[in-house]
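Trainee: The structure under discussion is supplied below as structure tokens; questions concerning it will follow.
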Protein chains: 2
Amino acid sequence: MAEQIAVADLGSNSFRLVVFTAADDWWKRTDEIYEAVRIGEGLAATGELGEAGMARAQATMEVFAHFCSASGIEPDAVLAVATSAIRDASNSAQFLERAQAASGLRVRVLSGEEEARYGFLAAVNSTTLSDGVMLDIGGGSMQLVHVVGRHSRELDSWRLGAVRMSERFLPGDGPAKPKQVRELVGYVTAKLERAPWLGRCGPRLVGIGGTIRNLAAAAQRDLEVPEAGVQGYVITRDELDRLVDELASRAPAERAKFPGIKPSRGDIILGGAIVVQTVMEVGGFEGIEVTEAGLREGVFFEHHLGGDPPLFEDVRHASVVNLAAQYGMDPEHSPHTAHVARLALGLFDELAAAAVHEGDAVERELLWAAALLHDIGMTVDYDDHHKHSRYLVLNAGLPGFEQRELALIGQAVRYHRKGTPSLGPFAPLAVKGDEERLNRMSACLRLAEDLERSRDQLVRAAHVAVEDGTVHLDLDSDGDDRVPRWAAGRETELFARAFDRQLTV
Amino acid sequence: MAEQIAVADLGSNSFRLVVFTAADDWWKRTDEIYEAVRIGEGLAATGELGEAGMARAQATMEVFAHFCSASGIEPDAVLAVATSAIRDASNSAQFLERAQAASGLRVRVLSGEEEARYGFLAAVNSTTLSDGVMLDIGGGSMQLVHVVGRHSRELDSWRLGAVRMSERFLPGDGPAKPKQVRELVGYVTAKLERAPWLGRCGPRLVGIGGTIRNLAAAAQRDLEVPEAGVQGYVITRDELDRLVDELASRAPAERAKFPGIKPSRGDIILGGAIVVQTVMEVGGFEGIEVTEAGLREGVFFEHHLGGDPPLFEDVRHASVVNLAAQYGMDPEHSPHTAHVARLALGLFDELAAAAVHEGDAVERELLWAAALLHDIGMTVDYDDHHKHSRYLVLNAGLPGFEQRELALIGQAVRYHRKGTPSLGPFAPLAVKGDEERLNRMSACLRLAEDLERSRDQLVRAAHVAVEDGTVHLDLDSDGDDRVPRWAAGRETELFARAFDRQLTV
């Protein structure tokens, strides 16, 4: 039975309610409402929340409460947290009392360190970050966490949010002045002295928050690949430097029109980008890897996973099984999927053992992922379900995989029935050897699918024997295997492309 | 609880097993296997099924049986039917006895009239055909049914299938000779004399079968719109004449490379196209409307719907509710969807009553469809779910709607949250007024979604009052409606585009 958990995130700029649905074997974000409440309006000048902002905030909390009760979410399954603006304002206690009474929502005001911890939980559960730094930048504050062996060693929070820095250092309607930028960089650098560990962390930096997602989207525009979100994209130091220069040379109204930047972020993107750039400079990072998860996912993971810290054992494995299970195609529910994966990996391993290819472990994992996901598109329509499977894989995403790996999985899924495998529109993401990698993955997956045509595990296993440069497949079957034999026999051309060998079945 | 029904279609060229899954409130095709068995090979020369073809056929039937048992489909939920080749061969009784014993499948050999009836059931349940003709052309035979008031008045079958005619009249590897084409046309024309009613039917002609789907795909290539299948596409007489001329001027090997024509159809597409062309000539039809449903759907509909004839009461209504229900978004399961539809239609109707627009009935129906389908994309991912909803609508299709109407529904769904509505890539399908139609649909749908933000039917209804050219929305609410009021208030620009009026809420 699926359970619904709502996380209400009462931020300095916007309030957001996210609903997660979690069943025994999968979870996903299933609903969301958003209001640009701007409760922090005027806070910098007075130290207090203003009356207009509090009224909007209260009305929004009432909507959230209505929304949850209409969606059948019990009050104790609503986890409401407040961050920077409400944490810092002198009058937030009165506001919260009033708003909680009106909405029935009980709000937990997070300390800077708690906020940092949720960002950390989001990062280690949505990427393969094991040693390095998590950076989370919001409107009001910026958090850094030093991660060692998937645990948090240092957690800290600074009032260096994108709105705060933009308002303070980059006022005005024109391009940014070099002096303004220098002052902001100097300010951030000085604040970061509190984190002497920053320069001594591993090479990986994972970034969270709207500023980083927007910068990644802007950097991605140059790469002409089909959009599939920014999860796993790495913004290099050079790309970020170029973006900062370009944004600084424009007026805020023009920054709002920059491809990839959301119009509502025009006035705060530069301030945020410079904070990120300065962290990279101080910490000596070459790139920042984007994850779409954040505070809200961190709160959800804590609830969903338990443990201390609450961690998926293997993020990549969990992502693939989670997506397959959403469509009932995980090994536990689909004997066909389980068997195709078994046959495909069996072929892969035996071909490697026979020195037909190298048997790279990452390639094997990508093949496994493609095997688990090859049929999920049947939910859209039977016709072209290979294409629909690719669409679902690319659009849902697989946290923990690089975009290049996601594309390889997507293309292997796309070619699991027919066609000549190619990287197609994803070629710009490829590294050397990817074309060949895709050919090998496709050949193993398609042979496995052919052998499992009757979906009854008739062919228990296929064994490889190499003789005079020809690969012979020997089928271990549970009955008449004429049809799978014939079906697999049609893959000789694909097999020769992939392994440069003749195939006989 | 969902039930699985398998239809095994043992055709002259190929055997196909299709699995339909039917729950209380939806049905869909969920699986399929296909073998190019060619059991009709050699039939024309000897009048008998050949030994090699029968062996392939038997092995395939065994695979079908394995497949069904592995998929948990009971033997009595497997409906196996055979058509032209098996119907006509002198030795099919012996073959069927042997093959049925080996596979456990009980095969019903359809008479020509029964085959015609299943094509008719497919056509009237997947299009809005009420009066006119259904044409179904396969490899061996061609069926015509005269439809009056959604009932079959005349049903007939001819041995004019695409393979049969191509083998007999268009042999050889070169372009077709004008004399060959003339002889084929003459032969078909003479045979059609048996159907004197053909010239006296309504103007609509609905076509079924791979020949017609391929011709539609070829005709569609010229239209540069995103692919969304051929359902609902109308091949005009002029387009067909052009295609026949082009195909006739090429050798079969070149026909196989014609965009839209499947490579395996290169040798039979021209024969089939000329049969269709001749039927259109004799019957005086200006175009042929394609449906992707066929014999197999006809068999399924008979089982699923019951009644005589088994008919959906309203095909368009059934298509929309069926697709919404597949994603749990039909009015019965989603109070939010039901209420958005109610609010959107309420606005549409009150604006029409106030003479702000014409209140066209078809436009209202498209708006209703978009309202029911606006959230189905949440199954893919919450982010960009408006785009995912469009993807699912276009790829699953909505039988009964024209492609142009499907595009309007898809674009209204796409713009139900944000953005400036436009026909985008579907502009080539549009007729005069569609841009305005989409604007009105989007404005009503988006206002309804804004008013239903809290998903708890807080705003029971919105009433329209027009004063001095300004439209005032008066909300009938069940509590504090500040947020929906504010949300709806943001749509003034869209509203002005759609209705050329100011909006106040």
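Lettering and numbering for the structure tokens are positional, with chains as A, B, ... in the shown order, residues counted from 1 in each chain, and ligands counted from 1 in the shown order.
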Among the residues of region 179-359 of chain B, find those DSSP assigns to strand (DSSP E) from the backbone and print them as a PyMOL selection string.
Mentor: chain B and resi 204-208+234-236+287-290
Trainee: Please produce a file of those selected residues containing N, CA, C and O atoms, as a short mmCIF file (atom, residue, chain, number, x, y, z; two decimals), in the first residue's frame.
Mentor:
```cif
data_model
loop_
_atom_site.label_atom_id
_atom_site.label_comp_id
_atom_site.auth_asym_id
_atom_site.auth_seq_id
_atom_site.Cartn_x
_atom_site.Cartn_y
_atom_site.Cartn_z
N ARG B 204 -18.40 8.68 -46.32
CA ARG B 204 -17.23 8.31 -45.52
C ARG B 204 -16.74 6.91 -45.80
O ARG B 204 -17.51 5.96 -45.88
N LEU B 205 -15.41 6.81 -45.89
CA LEU B 205 -14.76 5.53 -46.10
C LEU B 205 -13.68 5.39 -45.03
O LEU B 205 -12.82 6.25 -44.89
N VAL B 206 -13.77 4.33 -44.23
CA VAL B 206 -12.77 4.09 -43.18
C VAL B 206 -11.95 2.87 -43.58
O VAL B 206 -12.51 1.85 -43.98
N GLY B 207 -10.61 3.01 -43.49
CA GLY B 207 -9.74 1.93 -43.95
C GLY B 207 -8.96 1.27 -42.83
O GLY B 207 -8.53 1.91 -41.89
N ILE B 208 -8.80 -0.04 -42.99
CA ILE B 208 -8.14 -0.90 -42.00
C ILE B 208 -7.06 -1.74 -42.69
O ILE B 208 -7.24 -2.15 -43.82
N VAL B 234 -6.55 11.27 -42.80
CA VAL B 234 -7.36 11.03 -44.01
C VAL B 234 -6.45 11.13 -45.24
O VAL B 234 -5.83 12.16 -45.48
N ILE B 235 -6.35 10.02 -45.97
CA ILE B 235 -5.60 10.05 -47.24
C ILE B 235 -6.59 10.51 -48.31
O ILE B 235 -7.61 9.84 -48.55
N THR B 236 -6.31 11.65 -48.93
CA THR B 236 -7.23 12.12 -49.96
C THR B 236 -7.00 11.32 -51.24
O THR B 236 -5.95 10.71 -51.45
N GLY B 287 -11.83 10.50 -49.96
CA GLY B 287 -10.72 10.25 -49.05
C GLY B 287 -10.97 8.98 -48.26
O GLY B 287 -12.09 8.48 -48.22
N ILE B 288 -9.89 8.46 -47.67
CA ILE B 288 -10.05 7.28 -46.81
C ILE B 288 -9.41 7.59 -45.47
O ILE B 288 -8.27 8.05 -45.39
N GLU B 289 -10.20 7.38 -44.44
CA GLU B 289 -9.82 7.74 -43.08
C GLU B 289 -9.24 6.50 -42.41
O GLU B 289 -9.84 5.44 -42.43
N VAL B 290 -8.05 6.67 -41.84
CA VAL B 290 -7.33 5.51 -41.33
C VAL B 290 -7.68 5.24 -39.88
O VAL B 290 -7.72 6.15 -39.06
#
```
Trainee: Can you list, as a PyMOL selection string, every residue of region 101-287 of chain A that DSSP puts in helix (DSSP H, G or I)?
Mentor: chain A and resi 101-103+112-124+162-169+178-194+196-200+210-220+237-248+252-255+263-265+269-283
Trainee: Counting only C-alpha atoms, which residues from chain A have an atom at most 10 Å from any atom of chain B, and could you show them as a PyMOL selection string?
Mentor: chain A and resi 18-19+28-35+56+59-60+62-71+229+323+326-327+334-336+378-385+388+391-397+452-458+480-484+487
Trainee: If we count only C-alpha atoms, what is near region 120-130 of chain A at a cut-off of 10 Å, once residues fewer than 2 positions away on the same chain are taken out, given as a PyMOL selection string?
Mentor: chain A and resi 114-118+132-136+143-152+155+202+204-208+231-232+289-302+309-316+318-319+398-402
Trainee: Need to verify the contact set: region 263-265 of chain B, 10 Å, only C-alpha atoms, exclusion of same-chain residues closer than 6 positions in sequence. Can you return it as a compact mmCIF listing (two decimals) with C-alpha atoms, in the first residue's frame?
Mentor:
```txt
# COMPACT_ATOMS: atom_id res chain seq x y z
CA ALA B 36 6.15 -13.56 -40.29
CA ALA B 162 -2.38 -7.13 -51.36
CA VAL B 163 -0.18 -10.24 -51.69
CA GLY B 210 -1.20 -2.61 -42.91
CA THR B 211 -1.46 -1.46 -46.54
CA ASN B 214 1.72 2.35 -44.60
CA PRO B 252 9.81 -3.15 -55.69
CA ALA B 253 13.23 -2.87 -54.02
CA GLU B 254 12.94 0.92 -54.30
CA ARG B 255 9.35 0.92 -53.06
CA ALA B 256 10.70 -0.73 -49.89
CA LYS B 257 12.81 2.37 -49.28
CA GLY B 272 -2.73 -3.11 -52.22
```
Trainee: Mind giving me the straight-line distance from CA of Lys387 (chain B) to CA of Ala8 (chain A) in Å, one decimal?
Mentor: 25.0 Å
Trainee: Of the residues B:Asp88, B:Asp267, B:Asp9, B:Glu436, which is the one nearest to Arg108 (chain B), using only C-alpha atoms?
Mentor: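 Using only C-alpha atoms, the shortest distance to Arg108 (chain B) belongs to B:Asp9.
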Trainee: What is the CA of Asp241 (chain A)-CA of Ile137 (chain A) distance in Å, reported with one decimal?
Mentor: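 Taking CA of Asp241 (chain A) as the start and CA of Ile137 (chain A) as the end point, the length is 17.7 Å.
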Trainee: How far is it from CA of Gly50 (chain A) to CA of Asn91 (chain A), in Å with one decimal?
Mentor: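 Taking CA of Gly50 (chain A) as the start and CA of Asn91 (chain A) as the end point, the length is 9.3 Å.
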